[in-house]
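Engineer: To be precise about what I am sending: the file is called input.csv and holds CSV, C-alpha atoms.
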```csv
chain,number,residue,atom,x,y,z
A,1,MET,CA,-99.5,-11.6,-33.4
A,2,SER,CA,-97.3,-14.1,-31.7
A,3,THR,CA,-95.3,-13.6,-28.5
A,4,LYS,CA,-91.9,-15.3,-28.1
A,5,THR,CA,-90.6,-16.1,-24.7
A,6,GLY,CA,-86.7,-16.1,-24.3
A,7,ARG,CA,-85.4,-19.1,-22.5
A,8,PHE,CA,-81.9,-20.2,-21.3
A,9,VAL,CA,-81.2,-23.8,-21.2
A,10,PHE,CA,-78.6,-24.9,-18.6
A,11,ASP,CA,-76.8,-28.2,-18.5
A,12,TRP,CA,-76.2,-29.3,-14.9
A,13,TRP,CA,-73.4,-31.5,-13.7
A,14,VAL,CA,-73.1,-33.4,-10.5
A,15,ILE,CA,-70.0,-31.9,-8.7
A,16,GLU,CA,-68.4,-33.7,-5.8
A,17,LYS,CA,-68.3,-31.7,-2.5
A,18,ARG,CA,-64.5,-32.0,-2.2
A,19,VAL,CA,-64.0,-30.3,-5.6
A,20,VAL,CA,-66.0,-27.3,-4.3
A,21,TYR,CA,-63.8,-27.2,-1.2
A,22,LEU,CA,-60.7,-27.3,-3.4
A,23,ILE,CA,-61.9,-24.4,-5.6
A,24,ILE,CA,-62.6,-22.3,-2.5
A,25,ALA,CA,-59.2,-23.1,-1.0
A,26,LEU,CA,-57.5,-22.0,-4.2
A,27,VAL,CA,-59.4,-18.7,-4.3
A,28,ILE,CA,-58.4,-18.1,-0.6
A,29,PHE,CA,-54.7,-18.9,-1.2
A,30,GLY,CA,-54.7,-16.8,-4.3
A,31,GLY,CA,-56.0,-13.9,-2.4
A,32,LEU,CA,-53.5,-14.3,0.3
A,33,GLY,CA,-50.7,-14.5,-2.2
A,34,ALA,CA,-51.9,-11.4,-4.0
A,35,SER,CA,-52.1,-9.6,-0.6
A,36,GLY,CA,-48.6,-10.7,0.3
A,37,ALA,CA,-47.2,-9.6,-3.1
A,38,LEU,CA,-48.8,-6.2,-2.6
A,39,TYR,CA,-47.3,-5.9,0.9
A,40,VAL,CA,-43.8,-6.7,-0.3
A,41,TRP,CA,-44.2,-4.3,-3.2
A,42,ILE,CA,-45.2,-1.5,-0.8
A,43,TYR,CA,-43.1,-2.3,2.4
A,44,GLY,CA,-40.3,-4.6,1.2
A,45,ASN,CA,-39.5,-8.1,2.2
A,46,PRO,CA,-39.9,-8.5,6.0
A,47,LEU,CA,-37.9,-11.8,6.1
A,48,LYS,CA,-34.8,-10.5,4.3
A,49,ASN,CA,-32.7,-10.5,7.6
A,50,VAL,CA,-34.0,-13.8,9.0
A,51,GLY,CA,-31.0,-15.7,7.7
A,52,ALA,CA,-28.6,-13.1,8.9
A,53,GLY,CA,-30.2,-13.1,12.3
A,54,THR,CA,-29.7,-16.8,12.9
A,55,LYS,CA,-26.2,-16.9,11.4
A,56,LEU,CA,-23.3,-16.8,13.9
A,57,PRO,CA,-21.5,-13.5,13.7
A,58,ALA,CA,-17.9,-13.4,12.3
A,59,GLY,CA,-15.6,-14.1,15.2
A,60,ALA,CA,-12.5,-12.3,16.3
A,61,ARG,CA,-9.5,-13.8,14.5
A,62,PHE,CA,-5.9,-14.7,15.5
A,63,ILE,CA,-3.4,-12.7,13.5
A,64,SER,CA,-0.6,-14.8,15.0
A,65,PHE,CA,0.2,-16.8,18.1
A,66,GLU,CA,3.2,-18.5,19.5
A,67,GLY,CA,4.0,-20.6,22.5
A,68,ASP,CA,1.4,-22.0,24.9
A,69,VAL,CA,-2.0,-20.3,24.0
A,70,ARG,CA,-5.3,-21.8,24.9
A,71,VAL,CA,-9.0,-20.9,24.1
A,72,ILE,CA,-11.9,-21.8,26.4
A,73,ARG,CA,-15.2,-22.0,24.5
A,74,SER,CA,-18.0,-20.2,26.3
A,75,ALA,CA,-20.7,-22.6,25.0
A,76,THR,CA,-19.0,-25.9,25.9
A,77,ARG,CA,-16.3,-24.9,28.4
A,78,GLU,CA,-14.0,-26.9,26.3
A,79,THR,CA,-10.3,-25.9,26.3
A,80,ILE,CA,-8.7,-26.0,22.8
A,81,VAL,CA,-5.4,-25.2,21.3
A,82,PRO,CA,-6.0,-22.6,18.6
A,83,GLY,CA,-5.2,-23.2,14.9
A,84,SER,CA,-4.9,-21.0,11.9
A,85,ASN,CA,-8.7,-21.0,11.4
A,86,THR,CA,-9.8,-20.6,15.0
A,87,GLU,CA,-12.3,-17.8,15.6
A,88,LEU,CA,-13.3,-16.2,19.0
A,89,TYR,CA,-16.9,-15.6,19.8
A,90,PRO,CA,-18.6,-13.6,22.6
A,91,GLY,CA,-17.8,-15.3,25.9
A,92,ASP,CA,-14.7,-17.1,24.8
A,93,THR,CA,-11.6,-16.9,26.9
A,94,VAL,CA,-8.0,-16.6,25.7
A,95,GLN,CA,-5.2,-17.8,28.1
A,96,THR,CA,-1.5,-17.4,27.5
A,97,GLN,CA,0.9,-19.3,29.6
A,98,ALA,CA,4.5,-18.3,30.4
A,99,THR,CA,5.6,-19.1,26.9
A,100,GLY,CA,2.5,-17.8,25.1
A,101,ARG,CA,1.7,-14.7,23.2
A,102,ALA,CA,-1.2,-13.8,20.8
A,103,ARG,CA,-2.3,-11.1,18.4
A,104,VAL,CA,-6.1,-10.9,17.8
A,105,SER,CA,-8.0,-8.8,15.2
A,106,MET,CA,-11.4,-7.5,16.2
A,107,ALA,CA,-14.5,-6.5,14.2
A,108,ASP,CA,-13.7,-2.7,14.2
A,109,GLY,CA,-10.2,-3.3,12.9
A,110,SER,CA,-8.5,-2.9,16.3
A,111,THR,CA,-5.6,-5.2,17.3
A,112,LEU,CA,-5.1,-6.9,20.7
A,113,VAL,CA,-1.7,-8.1,21.8
A,114,VAL,CA,-2.1,-10.6,24.7
A,115,ARG,CA,1.2,-10.9,26.7
A,116,PRO,CA,2.4,-14.1,28.5
A,117,ASN,CA,0.6,-15.2,31.6
A,118,SER,CA,-2.5,-13.3,30.8
A,119,THR,CA,-6.3,-14.1,30.6
A,120,ILE,CA,-8.7,-12.1,28.5
A,121,ILE,CA,-12.4,-12.6,27.7
A,122,ILE,CA,-14.2,-11.6,24.5
A,123,ARG,CA,-17.5,-10.1,25.7
A,124,ASP,CA,-18.7,-8.7,22.4
A,125,ASN,CA,-17.5,-8.4,18.8
A,126,ALA,CA,-20.5,-7.3,16.8
A,127,SER,CA,-20.5,-5.5,13.5
A,128,ALA,CA,-23.5,-4.0,11.6
A,129,ASP,CA,-24.3,-5.2,8.1
A,130,ASP,CA,-23.0,-2.0,6.6
A,131,GLY,CA,-19.8,-2.2,8.6
A,132,LYS,CA,-20.3,1.3,10.0
A,133,LYS,CA,-21.3,0.4,13.5
A,134,THR,CA,-19.3,-2.0,15.6
A,135,ASN,CA,-19.4,-3.0,19.3
A,136,VAL,CA,-16.2,-4.5,20.8
A,137,HIS,CA,-15.9,-5.3,24.5
A,138,VAL,CA,-12.9,-7.2,26.0
A,139,VAL,CA,-12.2,-8.0,29.6
A,140,VAL,CA,-8.6,-8.2,30.9
A,141,ASP,CA,-9.0,-10.6,33.8
A,142,SER,CA,-5.3,-11.0,34.6
A,143,GLY,CA,-1.9,-10.2,33.1
A,144,GLN,CA,-1.3,-7.6,30.4
A,145,MET,CA,-2.9,-6.7,27.1
A,146,SER,CA,-2.3,-3.8,24.7
A,147,VAL,CA,-4.8,-2.5,22.2
A,148,ARG,CA,-4.4,-0.4,19.0
A,149,THR,CA,-7.4,1.1,17.3
A,150,GLU,CA,-7.6,2.6,13.8
A,151,GLN,CA,-9.9,5.3,12.4
A,152,GLN,CA,-13.5,4.5,13.6
A,153,PRO,CA,-16.8,5.3,12.0
A,154,GLU,CA,-19.5,7.2,14.0
A,155,GLY,CA,-21.3,4.8,16.3
A,156,THR,CA,-18.3,2.6,17.0
A,157,ASN,CA,-17.9,1.4,20.5
A,158,ASN,CA,-14.6,-0.2,21.8
A,159,VAL,CA,-14.4,-1.0,25.5
A,160,VAL,CA,-11.7,-2.6,27.5
A,161,GLU,CA,-12.7,-3.6,31.0
A,162,THR,CA,-10.6,-4.6,34.0
A,163,PRO,CA,-11.7,-5.7,37.4
A,164,LYS,CA,-11.6,-2.1,38.7
A,165,THR,CA,-12.1,0.1,35.6
A,166,LYS,CA,-14.1,0.4,32.3
A,167,ASN,CA,-12.3,2.1,29.5
A,168,LYS,CA,-13.8,3.5,26.2
A,169,ILE,CA,-11.0,3.5,23.6
A,170,GLY,CA,-11.0,6.4,21.1
A,171,GLU,CA,-9.9,6.1,17.5
A,172,GLN,CA,-6.2,5.8,16.5
A,173,THR,CA,-5.3,5.1,20.1
A,174,GLY,CA,-2.6,2.9,21.6
A,175,ALA,CA,-2.9,1.8,25.2
A,176,SER,CA,-2.0,-1.1,27.5
A,177,PHE,CA,-3.7,-2.5,30.5
A,178,GLY,CA,-2.1,-4.5,33.3
A,179,VAL,CA,-3.8,-6.5,36.1
A,180,ASN,CA,-1.3,-7.6,38.7
A,181,PRO,CA,-1.6,-10.5,41.1
A,182,GLU,CA,-1.6,-8.3,44.2
A,183,GLY,CA,-4.8,-6.5,43.0
A,184,THR,CA,-3.3,-3.4,41.5
A,185,GLU,CA,-3.7,-2.2,38.0
A,186,GLU,CA,-1.8,0.0,35.4
A,187,ILE,CA,-3.0,1.9,32.4
A,188,ARG,CA,-0.5,3.3,29.8
A,189,VAL,CA,-1.7,5.5,26.9
A,190,THR,CA,0.9,5.9,24.3
A,191,SER,CA,-1.3,7.8,21.8
A,192,GLY,CA,-4.9,9.0,21.3
A,193,ALA,CA,-7.3,9.0,24.2
A,194,ILE,CA,-9.4,6.8,26.5
A,195,GLU,CA,-12.3,7.6,28.8
A,196,THR,CA,-11.8,5.7,32.1
A,197,THR,CA,-14.6,5.0,34.6
A,198,ASP,CA,-13.8,3.7,38.1
A,199,ARG,CA,-16.0,1.7,40.4
A,200,SER,CA,-17.7,4.8,41.8
A,201,GLY,CA,-18.7,5.9,38.3
A,202,GLU,CA,-16.3,8.8,38.1
A,203,LYS,CA,-14.9,9.4,34.6
A,204,THR,CA,-11.4,10.5,33.7
A,205,THR,CA,-10.0,11.2,30.2
A,206,LEU,CA,-6.5,10.0,29.7
A,207,TYR,CA,-4.5,11.3,26.7
A,208,GLY,CA,-1.4,10.0,24.9
A,209,GLY,CA,1.8,10.1,27.0
A,210,VAL,CA,0.0,9.4,30.3
A,211,TYR,CA,0.3,6.6,32.9
A,212,VAL,CA,-2.0,5.9,35.9
A,213,SER,CA,-2.1,3.2,38.5
A,214,VAL,CA,-5.1,1.7,40.3
A,215,ASN,CA,-4.8,0.6,43.9
A,216,PRO,CA,-6.5,-2.5,45.4
A,217,SER,CA,-9.5,-0.4,46.5
A,218,GLY,CA,-10.1,0.9,43.0
A,219,THR,CA,-8.8,4.4,43.3
A,220,ILE,CA,-7.1,5.8,40.2
A,221,SER,CA,-3.9,7.8,40.8
A,222,ARG,CA,-3.2,11.2,39.4
A,223,PRO,CA,-1.9,11.0,35.8
A,224,GLN,CA,1.9,10.9,35.4
A,225,LYS,CA,4.0,11.5,32.3
A,226,LEU,CA,4.5,8.1,30.6
A,227,LEU,CA,7.9,6.6,31.0
A,228,ASP,CA,9.0,5.3,27.6
A,229,VAL,CA,10.8,2.0,27.1
A,230,PRO,CA,14.6,2.2,27.0
A,231,LEU,CA,15.9,0.9,23.7
A,232,PRO,CA,18.7,-1.7,23.5
A,233,SER,CA,21.6,-0.7,21.4
A,234,ALA,CA,24.2,-3.4,21.8
A,235,PRO,CA,24.8,-6.2,21.1
A,236,ARG,CA,22.8,-5.9,17.8
A,237,ASP,CA,20.0,-8.3,17.3
A,238,LEU,CA,21.2,-11.7,16.2
A,239,GLU,CA,24.8,-10.7,16.7
A,240,LYS,CA,27.2,-13.6,17.1
A,241,VAL,CA,30.0,-13.4,19.7
A,242,LEU,CA,32.8,-16.0,19.7
A,243,VAL,CA,34.1,-17.5,22.9
A,244,GLY,CA,37.5,-16.8,24.1
A,245,GLY,CA,40.4,-19.1,25.3
A,246,LYS,CA,38.5,-20.2,28.4
A,247,GLY,CA,35.5,-21.4,26.5
A,248,SER,CA,33.2,-18.5,27.5
A,249,ALA,CA,32.5,-14.9,26.4
A,250,THR,CA,32.2,-11.4,28.0
A,251,LEU,CA,30.1,-8.6,26.5
A,252,SER,CA,28.5,-5.3,27.4
A,253,LEU,CA,24.8,-4.8,27.2
A,254,LYS,CA,24.0,-1.2,26.3
A,255,TRP,CA,20.7,0.8,25.9
A,256,LEU,CA,19.4,4.3,25.3
A,257,ARG,CA,17.6,6.4,27.9
A,258,PRO,CA,13.8,6.7,27.5
A,259,GLN,CA,12.8,9.4,25.1
A,260,SER,CA,9.9,10.4,27.5
A,261,GLY,CA,10.0,10.5,31.2
A,262,SER,CA,12.9,10.3,33.6
A,263,ALA,CA,14.4,7.0,34.7
A,264,ALA,CA,15.8,6.6,38.2
A,265,PHE,CA,17.2,3.1,37.5
A,266,TYR,CA,17.0,0.1,35.2
A,267,ARG,CA,16.5,-3.7,35.4
A,268,VAL,CA,18.2,-6.1,32.9
A,269,GLU,CA,17.4,-9.7,32.3
A,270,VAL,CA,19.3,-12.3,30.3
A,271,ALA,CA,17.7,-15.7,29.5
A,272,THR,CA,17.8,-18.7,27.2
A,273,SER,CA,14.1,-18.3,26.4
A,274,PRO,CA,12.5,-15.3,24.5
A,275,PHE,CA,9.7,-15.5,27.1
A,276,PHE,CA,12.0,-15.2,30.1
A,277,VAL,CA,10.5,-18.0,32.0
A,278,ALA,CA,11.9,-18.5,35.5
A,279,ASP,CA,13.9,-21.7,34.6
A,280,GLY,CA,15.5,-20.0,31.6
A,281,LYS,CA,16.8,-16.8,33.3
A,282,VAL,CA,20.6,-16.6,33.4
A,283,ILE,CA,21.0,-13.0,34.8
A,284,GLU,CA,18.7,-10.6,36.7
A,285,ARG,CA,20.2,-7.3,37.7
A,286,ASP,CA,18.1,-4.4,39.2
A,287,GLN,CA,18.8,-0.9,40.5
A,288,LEU,CA,21.3,-0.1,37.6
A,289,ALA,CA,21.9,3.6,37.4
A,290,ALA,CA,24.0,3.5,34.2
A,291,THR,CA,22.9,2.5,30.7
A,292,GLU,CA,25.4,-0.3,30.4
A,293,PHE,CA,26.0,-3.6,32.1
A,294,THR,CA,28.8,-6.1,31.5
A,295,VAL,CA,28.1,-9.8,31.6
A,296,SER,CA,30.8,-12.5,31.7
A,297,ASP,CA,31.3,-16.2,31.7
A,298,LEU,CA,28.6,-16.8,29.1
A,299,ARG,CA,28.9,-20.3,27.7
A,300,PRO,CA,28.1,-21.2,24.0
A,301,GLY,CA,24.4,-21.0,23.4
A,302,VAL,CA,21.5,-18.7,22.3
A,303,TYR,CA,20.6,-15.8,24.7
A,304,PHE,CA,17.9,-13.2,24.9
A,305,TRP,CA,18.0,-9.9,26.8
A,306,ARG,CA,15.7,-7.1,27.7
A,307,VAL,CA,15.6,-3.9,29.8
A,308,ARG,CA,13.0,-1.7,31.4
A,309,ALA,CA,13.2,1.6,33.3
A,310,THR,CA,11.7,2.7,36.7
A,311,ALA,CA,11.0,6.3,37.6
A,312,SER,CA,11.4,7.8,41.1
A,313,THR,CA,7.6,7.7,41.5
A,314,GLY,CA,7.7,3.9,41.2
A,315,GLN,CA,6.3,3.9,37.6
A,316,ALA,CA,7.9,1.1,35.6
A,317,SER,CA,8.1,1.2,31.8
A,318,ASP,CA,7.1,-1.7,29.6
A,319,TRP,CA,9.9,-4.2,28.8
A,320,SER,CA,11.9,-3.6,25.7
A,321,ASP,CA,11.4,-6.2,22.9
A,322,PRO,CA,13.7,-9.1,23.5
A,323,LYS,CA,17.0,-9.0,21.6
A,324,LYS,CA,18.9,-12.1,20.7
A,325,PHE,CA,22.6,-12.8,20.6
A,326,ILE,CA,24.6,-16.0,20.1
A,327,ILE,CA,27.7,-17.1,22.0
A,328,ALA,CA,29.4,-19.5,19.6
A,329,THR,CA,32.5,-21.6,19.2
A,330,ARG,CA,34.1,-21.7,15.8
A,331,GLY,CA,32.1,-24.0,13.6
A,332,THR,CA,33.3,-27.6,13.0
A,333,GLY,CA,31.8,-27.7,9.5
A,334,SER,CA,29.1,-30.2,10.5
A,335,ARG,CA,25.8,-30.2,8.8
A,336,VAL,CA,22.8,-29.0,10.8
A,337,PRO,CA,20.0,-31.6,10.3
A,338,VAL,CA,16.4,-30.4,9.7
A,339,SER,CA,13.7,-32.9,8.9
A,340,ASN,CA,9.9,-33.1,8.2
A,341,LEU,CA,9.8,-29.7,6.6
A,342,SER,CA,6.3,-28.7,5.4
A,343,ALA,CA,4.5,-25.6,4.3
A,344,GLU,CA,0.8,-25.0,5.1
A,345,LEU,CA,-1.0,-22.2,3.2
A,346,LEU,CA,-3.1,-20.0,5.4
A,347,GLY,CA,-4.3,-17.6,2.7
A,348,GLY,CA,-2.8,-15.2,0.3
A,349,SER,CA,0.9,-15.5,0.7
A,350,VAL,CA,0.9,-16.4,4.4
A,351,TYR,CA,2.3,-19.8,5.3
A,352,ILE,CA,3.1,-21.9,8.5
A,353,ILE,CA,6.4,-23.7,8.1
A,354,ARG,CA,6.9,-26.8,10.3
A,355,GLY,CA,9.7,-29.1,10.9
A,356,ARG,CA,12.1,-30.8,13.3
A,357,ALA,CA,15.6,-30.0,14.4
A,358,GLU,CA,18.0,-30.3,17.3
A,359,PRO,CA,16.8,-28.3,20.4
A,360,GLY,CA,18.6,-24.9,20.5
A,361,THR,CA,18.8,-24.7,16.7
A,362,THR,CA,17.9,-21.3,15.2
A,363,ILE,CA,15.6,-21.5,12.2
A,364,ARG,CA,15.5,-18.4,9.9
A,365,ILE,CA,12.9,-18.0,7.1
A,366,VAL,CA,12.1,-14.9,5.0
A,367,GLY,CA,13.3,-12.5,7.7
A,368,ARG,CA,11.7,-14.3,10.6
A,369,GLU,CA,13.2,-16.8,13.0
A,370,THR,CA,12.4,-19.1,15.9
A,371,LEU,CA,14.4,-21.2,18.4
A,372,VAL,CA,13.8,-24.9,18.3
A,373,PRO,CA,12.4,-25.9,21.8
A,374,THR,CA,13.4,-29.0,23.8
A,375,GLU,CA,10.8,-31.3,22.1
A,376,GLY,CA,12.6,-30.7,18.8
A,377,SER,CA,9.6,-29.6,16.7
A,378,PHE,CA,9.1,-26.0,15.5
A,379,GLN,CA,6.6,-23.9,13.5
A,380,LEU,CA,7.0,-20.4,12.1
A,381,GLN,CA,4.4,-18.2,10.4
A,382,ILE,CA,5.8,-16.3,7.4
A,383,THR,CA,4.7,-14.1,4.5
A,384,ALA,CA,6.4,-15.2,1.3
A,385,PRO,CA,7.1,-12.7,-1.5
A,386,PRO,CA,4.3,-12.9,-4.2
A,387,GLY,CA,5.0,-15.5,-6.8
A,388,THR,CA,7.7,-17.2,-4.8
A,389,PRO,CA,7.8,-21.0,-5.6
A,390,GLU,CA,10.5,-21.8,-3.1
A,391,ILE,CA,12.0,-20.4,0.1
A,392,ASN,CA,15.3,-20.7,1.9
A,393,VAL,CA,15.3,-22.3,5.4
A,394,ASP,CA,18.5,-21.4,7.3
A,395,ALA,CA,19.4,-23.5,10.3
A,396,GLU,CA,22.2,-22.7,12.8
A,397,ASP,CA,23.1,-24.8,15.8
A,398,PRO,CA,24.5,-23.5,19.1
A,399,ARG,CA,28.0,-24.6,18.0
A,400,GLY,CA,28.1,-22.2,15.2
A,401,ASN,CA,27.4,-24.6,12.3
A,402,SER,CA,24.9,-23.6,9.7
A,403,SER,CA,23.1,-25.2,6.8
A,404,GLN,CA,20.5,-24.1,4.3
A,405,TYR,CA,17.5,-26.0,2.8
A,406,ARG,CA,15.2,-25.1,-0.1
A,407,LEU,CA,11.5,-25.7,0.6
A,408,SER,CA,8.9,-25.8,-2.2
A,409,LEU,CA,5.7,-23.9,-1.2
A,410,THR,CA,3.6,-25.9,-3.7
A,411,THR,CA,4.8,-29.5,-3.2
A,412,GLY,CA,6.5,-29.3,0.2
A,413,ALA,CA,9.6,-31.0,-1.2
A,414,THR,CA,13.1,-30.0,0.2
A,415,ARG,CA,16.5,-30.0,-1.3
```
Will you turn the file into structure tokens for me?

Structural biologist:
Amino acid sequence: MSTKTGRFVFDWWVIEKRVVYLIIALVIFGGLGASGALYVWIYGNPLKNVGAGTKLPAGARFISFEGDVRVIRSATRETIVPGSNTELYPGDTVQTQATGRARVSMADGSTLVVRPNSTIIIRDNASADDGKKTNVHVVVDSGQMSVRTEQQPEGTNNVVETPKTKNKIGEQTGASFGVNPEGTEEIRVTSGAIETTDRSGEKTTLYGGVYVSVNPSGTISRPQKLLDVPLPSAPRDLEKVLVGGKGSATLSLKWLRPQSGSAAFYRVEVATSPFFVADGKVIERDQLAATEFTVSDLRPGVYFWRVRATASTGQASDWSDPKKFIIATRGTGSRVPVSNLSAELLGGSVYIIRGRAEPGTTIRIVGRETLVPTEGSFQLQITAPPGTPEINVDAEDPRGNSSQYRLSLTTGATR
């Protein structure tokens, strides 16, 4: 009987040490990769928001601006003149000079209107990824700013701060905030509600139709009934009045009493500038008890007028929107020259129209108009009807002459 012994025969290779190390590394990395895949499968990708975290948030945007408006960048302290694509980031400052006005859209859909001679600072303008939570914080450092909010999702926070108050703005609220040079402040709430906190931390809720003042020490007055703006009724906006035999004209300025509040007297201003800068004011008349005032000896030119009311308590209403009238001689039939017309598409059907004309010329385009300043160049933001290839540009000089031009929105050519 024979016994067989099983035997395995191995062939041995000589393997370099670095190959062994490479195999070990591959095994380790493979294990790490498998562990990472298992983690992502169970808990989700932990890096999905890294890109969003380093990306700059969308800035507040200018809806429109006119006159002298400046932006001071927080990061560089550089002062720039805004353009159609300028965004405003936390810390940026908006300054309007005597001829400046701006409308700004915020992350929560609210709209700011910055009046002339004002300074505001954007403290925060953050929005969550889902758009349901926003945090808007604006400081009125000087001048006047109004705000209008729309319907707000839960968790939305909209704050307007002044040197002496902090105000949380409710949804569908309209309010204005004024910071005066002498250290006093004013808050007007036309609709909705705001929660105002003074320096001592005391909170007061102000509802639509209410006015309060803030004295230099920071004390908020008792709420008063808001005094509405008196509405101009004559002359009609853009009305033309021909001069008489002496080369001047006389006309009556008329307005309606405020619908809310009781006016003790009125103040009327007439100017050659829609911003009512000091050098352009022609007439200033205060303490008017009636709702009519006659002005005389107006020479040919373009004029703007506005009116505001004052209550017996000292509360002053906002100014009415400026109305424009034209004192004109009979036209001589001369052509009104307009040159360098161009159209810049901002987006959708919104354009900026630019050109040059004689100072004092009125330019009208698609229901909007502007007065050519002393430097002779003008720009006007318009919304063209959808599908419109050309628009009319109407020009009228102070002497009553008028001309019309056709501007192509695609090629920029005129005829």

Engineer: Env of region 62-76 of chain A: 6 Å cut, atoms = only C-alpha atoms, seq-sep filter 5 positions within chain, self excluded. Answer as an MDAnalysis selection string.

Structural biologist: chainID A and resid 81 91:97 99:104

Engineer: Using only C-alpha atoms, find all polymer residues with an atom at most 9 Å away from the point (25.3, -8.1, 19.6); report them as number ranges by chain.

Structural biologist: A: 233-241, 251-253, 323-326

Engineer: Convert the current residue selection to file output with C-alpha atoms, as a PDB file, in the frame of the given file.

Structural biologist:
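Listed below is the output, part.pdb:
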```
ATOM      1  CA  SER A 233      21.600  -0.700  21.400  1.00  0.00           C
ATOM      2  CA  ALA A 234      24.200  -3.400  21.800  1.00  0.00           C
ATOM      3  CA  PRO A 235      24.800  -6.200  21.100  1.00  0.00           C
ATOM      4  CA  ARG A 236      22.800  -5.900  17.800  1.00  0.00           C
ATOM      5  CA  ASP A 237      20.000  -8.300  17.300  1.00  0.00           C
ATOM      6  CA  LEU A 238      21.200 -11.700  16.200  1.00  0.00           C
ATOM      7  CA  GLU A 239      24.800 -10.700  16.700  1.00  0.00           C
ATOM      8  CA  LYS A 240      27.200 -13.600  17.100  1.00  0.00           C
ATOM      9  CA  VAL A 241      30.000 -13.400  19.700  1.00  0.00           C
ATOM     10  CA  LEU A 251      30.100  -8.600  26.500  1.00  0.00           C
ATOM     11  CA  SER A 252      28.500  -5.300  27.400  1.00  0.00           C
ATOM     12  CA  LEU A 253      24.800  -4.800  27.200  1.00  0.00           C
ATOM     13  CA  LYS A 323      17.000  -9.000  21.600  1.00  0.00           C
ATOM     14  CA  LYS A 324      18.900 -12.100  20.700  1.00  0.00           C
ATOM     15  CA  PHE A 325      22.600 -12.800  20.600  1.00  0.00           C
ATOM     16  CA  ILE A 326      24.600 -16.000  20.100  1.00  0.00           C
TER      17      ILE A 326
END
```

Engineer: If we count all atoms listed in the file and set the cut-off at 8 Å, which residues sit around Ala98 (chain A), ignoring sequence neighbours fewer than 4 positions away in its own chain? Please answer as a VMD selection string.

Structural biologist: chain A and resid 68 116 to 117 275 277

Engineer: Smallest atom-to-atom distance to Val393 (chain A): which of A:Val214, A:Leu409, A:Val179, A:Leu88, using all atoms listed in the file?

Structural biologist: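 Closest residue, counting all atoms listed in the file: A:Leu409.
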
Engineer: At a cut-off of 12 Å, using only C-alpha atoms, what residues contact Ser221 (chain A)? Leave out same-chain residues fewer than 5 positions from it and give the result as a list in words.

Structural biologist: Thr184, Glu185, Glu186, Ile187, Thr196, Asp198, Thr204, Leu206, Val210, Tyr211, Val212, Ser213, Val214, Asn215, Pro216, Thr313 and Gln315 of chain A

Engineer: For region 363-366 of chain A, find every residue with an atom within 8 Å (counting only C-alpha atoms), except residues of its own chain fewer than 5 positions away, and show them as a compact mmCIF listing (two decimals) with C-alpha atoms, in the coordinates of the input.

Structural biologist:
```
# COMPACT_ATOMS: atom_id res chain seq x y z
CA LEU A 371 14.40 -21.20 18.40
CA VAL A 372 13.80 -24.90 18.30
CA ILE A 382 5.80 -16.30 7.40
CA THR A 383 4.70 -14.10 4.50
CA ALA A 384 6.40 -15.20 1.30
CA ILE A 391 12.00 -20.40 0.10
CA ASN A 392 15.30 -20.70 1.90
CA VAL A 393 15.30 -22.30 5.40
CA ASP A 394 18.50 -21.40 7.30
CA ALA A 395 19.40 -23.50 10.30
CA GLU A 396 22.20 -22.70 12.80
```

Engineer: Have a look at A:Val113, A:Ala107, A:Val189, A:Ser84 and name the one nearest to Glu150 (chain A); count only C-alpha atoms.

Structural biologist: A:Ala107

Engineer: Could you work out how far CA of Ile283 (chain A) lies from CA of Leu242 (chain A), giving the answer in Å with one decimal?

Structural biologist: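 One can read the CA of Leu242 (chain A) to CA of Ile283 (chain A) distance as 19.4 Å.
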
Engineer: Is there a way to complete region 157-165 of chain A with N, CA and C atoms and then write that out as a tab-separated table (two decimals), in the coordinates of the input?

Structural biologist:
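Final file, out-v4.tsv:
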```tsv
chain	number	residue	atom	x	y	z
A	157	ASN	N	-18.07	1.47	19.11
A	157	ASN	CA	-17.90	1.40	20.50
A	157	ASN	C	-16.83	0.34	20.86
A	158	ASN	N	-15.70	0.76	21.42
A	158	ASN	CA	-14.60	-0.20	21.80
A	158	ASN	C	-14.31	0.01	23.25
A	159	VAL	N	-14.55	-1.04	24.03
A	159	VAL	CA	-14.40	-1.00	25.50
A	159	VAL	C	-13.44	-2.05	25.96
A	160	VAL	N	-12.51	-1.66	26.82
A	160	VAL	CA	-11.70	-2.60	27.50
A	160	VAL	C	-11.97	-2.49	29.01
A	161	GLU	N	-12.35	-3.62	29.60
A	161	GLU	CA	-12.70	-3.60	31.00
A	161	GLU	C	-11.69	-4.39	31.82
A	162	THR	N	-11.41	-3.90	33.01
A	162	THR	CA	-10.60	-4.60	34.00
A	162	THR	C	-11.39	-4.81	35.24
A	163	PRO	N	-10.88	-5.55	36.22
A	163	PRO	CA	-11.70	-5.70	37.40
A	163	PRO	C	-12.10	-4.44	38.12
A	164	LYS	N	-11.35	-3.35	37.94
A	164	LYS	CA	-11.60	-2.10	38.70
A	164	LYS	C	-11.97	-0.93	37.77
A	165	THR	N	-11.85	-1.06	36.45
A	165	THR	CA	-12.10	0.10	35.60
A	165	THR	C	-12.85	-0.38	34.31
```
